[in-house]
Amino acid sequence: MDDILYALCRHCVGIMDGWHPYPSTVIASQLGMPVGKVRYHLRKLKTQGMVKSFHEGGSTEDGDVFGTWGFGITDKAKESDEYKKAYEEESQLCKEYFGFDLDGNWLD
């Protein structure tokens, strides 16, 4: 299993903040790997069409400017075993704690 792709998939299926870019530094910290190695692998995944890089930014109500560069997954990545495993795990958490699955089906 590709640990870096799996970590990114876990973030992207998360109901709390999966739509935000996931920085390579966070992935490296999560996996206990050097940032350079993670970035190298993410570039390979990007070349394969599995991940995309994007930016999110703006300003707060107080006028403070913020910006985050990071990665997300593509539709091609949603066909991977890593994504399917991450999706199932997040769906189980949603069922257990909130009473619905990721497809929006409420449990009785």
# chains A, B, ... in the order shown; residues from 1 in each chain; ligands from 1

$ closest_atom_pairs --of "region 27-98 of chain A" --to "region 8-17 of chain A" --cutoff "6 Å" --atoms "only C-alpha atoms" --output "tab-separated table"
residue	atom	partner	partner_atom	distance
A:Tyr83	CA	A:Cys9	CA	5.3
A:Ala86	CA	A:Arg10	CA	5.0
A:Tyr87	CA	A:Val13	CA	5.9

$ residues_around --residues "Cys94 (chain A)" --least-positions-apart "4" --cutoff "10 Å" --atoms "only C-alpha atoms" --output "mmCIF file with N, CA and C atoms, in the first residue's frame"
data_model
loop_
_atom_site.group_PDB
_atom_site.id
_atom_site.type_symbol
_atom_site.label_atom_id
_atom_site.label_comp_id
_atom_site.auth_asym_id
_atom_site.auth_seq_id
_atom_site.Cartn_x
_atom_site.Cartn_y
_atom_site.Cartn_z
ATOM 1 N N GLY A 14 -12.262 12.861 4.738
ATOM 2 C CA GLY A 14 -12.686 13.339 6.054
ATOM 3 C C GLY A 14 -13.815 14.351 5.958
ATOM 4 N N ILE A 15 -14.824 14.195 6.808
ATOM 5 C CA ILE A 15 -15.972 15.104 6.748
ATOM 6 C C ILE A 15 -15.665 16.459 7.361
ATOM 7 N N GLU A 88 -13.955 3.677 3.366
ATOM 8 C CA GLU A 88 -14.656 2.726 4.235
ATOM 9 C C GLU A 88 -14.410 3.048 5.708
ATOM 10 N N GLU A 89 -13.183 3.388 6.053
ATOM 11 C CA GLU A 89 -12.866 3.722 7.445
ATOM 12 C C GLU A 89 -13.602 4.985 7.895
ATOM 13 N N GLU A 90 -13.642 6.012 7.052
ATOM 14 C CA GLU A 90 -14.357 7.251 7.411
ATOM 15 C C GLU A 90 -15.859 6.991 7.490
ATOM 16 N N PHE A 98 -22.176 9.377 14.222
ATOM 17 C CA PHE A 98 -23.202 10.306 13.765
ATOM 18 C C PHE A 98 -24.466 9.640 13.243
ATOM 19 N N GLY A 99 -24.415 8.344 12.997
ATOM 20 C CA GLY A 99 -25.596 7.631 12.545
ATOM 21 C C GLY A 99 -25.872 7.723 11.055
ATOM 22 N N PHE A 100 -24.876 8.087 10.246
ATOM 23 C CA PHE A 100 -25.034 8.087 8.793
ATOM 24 C C PHE A 100 -23.719 7.682 8.152
ATOM 25 N N ASP A 101 -23.802 7.224 6.892
ATOM 26 C CA ASP A 101 -22.575 6.880 6.191
ATOM 27 C C ASP A 101 -22.184 8.028 5.261
ATOM 28 N N LEU A 102 -21.073 7.892 4.580
ATOM 29 C CA LEU A 102 -20.587 8.982 3.721
ATOM 30 C C LEU A 102 -21.455 9.220 2.498
ATOM 31 N N GLY A 104 -24.560 9.608 2.754
ATOM 32 C CA GLY A 104 -25.692 10.383 3.248
ATOM 33 C C GLY A 104 -26.875 9.543 3.695
ATOM 34 N N TRP A 106 -28.951 7.694 6.328
ATOM 35 C CA TRP A 106 -29.140 7.634 7.777
ATOM 36 C C TRP A 106 -29.427 6.213 8.202
#

$ select_by_dssp --residues "region 11-75 of chain A" --states "helix (DSSP H, G or I)" --output "MDAnalysis selection string"
chainID A and resid 11:13 24:31 35:47

$ select_by_dssp --residues "chain A" --states "strand (DSSP E)" --output "VMD selection string"
chain A and resid 51 to 59 65 to 73

$ closest_residue --among "A:Glu96, A:Ile4, A:Ser91, A:Val26" --to "Tyr40 (chain A)" --atoms "only C-alpha atoms"
A:Ile4

$ residues_around --residues "Leu42 (chain A)" --least-positions-apart "4" --cutoff "12 Å" --atoms "only C-alpha atoms" --output "number ranges by chain"
A: 2-8, 22-25, 27-28, 35-38, 46-53, 70-73

$ write_last_selection --atoms "C-alpha atoms" --output "tab-separated table (two decimals), in the first residue's frame"
chain	number	residue	atom	x	y	z
A	2	ASP	CA	1.19	3.50	-0.82
A	3	ASP	CA	1.32	5.19	2.61
A	4	ILE	CA	1.57	8.72	1.22
A	5	LEU	CA	-1.42	8.31	-1.09
A	6	TYR	CA	-3.35	6.64	1.73
A	7	ALA	CA	-2.62	9.53	4.12
A	8	LEU	CA	-3.82	12.00	1.50
A	22	TYR	CA	-3.17	18.99	2.65
A	23	PRO	CA	0.44	20.22	2.94
A	24	SER	CA	3.34	17.87	2.30
A	25	THR	CA	4.87	18.94	5.62
A	27	ILE	CA	1.94	14.30	5.59
A	28	ALA	CA	5.65	14.00	6.41
A	35	VAL	CA	9.62	16.22	3.78
A	36	GLY	CA	11.84	15.87	0.72
A	37	LYS	CA	10.94	12.21	0.31
A	38	VAL	CA	7.22	12.97	0.65
A	46	LYS	CA	0.97	14.03	-9.63
A	47	THR	CA	2.66	12.85	-12.85
A	48	GLN	CA	0.54	9.69	-12.69
A	49	GLY	CA	-2.61	11.82	-12.40
A	50	MET	CA	-3.43	10.64	-8.87
A	51	VAL	CA	-2.99	13.92	-6.98
A	52	LYS	CA	-3.25	17.62	-7.71
A	53	SER	CA	-1.69	20.60	-6.02
A	70	GLY	CA	-1.15	21.56	-0.48
A	71	PHE	CA	-2.45	18.53	-2.26
A	72	GLY	CA	-5.73	16.81	-2.98
A	73	ILE	CA	-6.74	13.71	-4.86

$ atom_distance --atom1 "CA of Glu82 (chain A)" --atom2 "CA of Leu107 (chain A)"
25.5 Å

$ closest_residue --among "A:Glu79, A:Pro34, A:Pro21, A:Lys85" --to "His55 (chain A)" --atoms "only C-alpha atoms"
A:Pro21
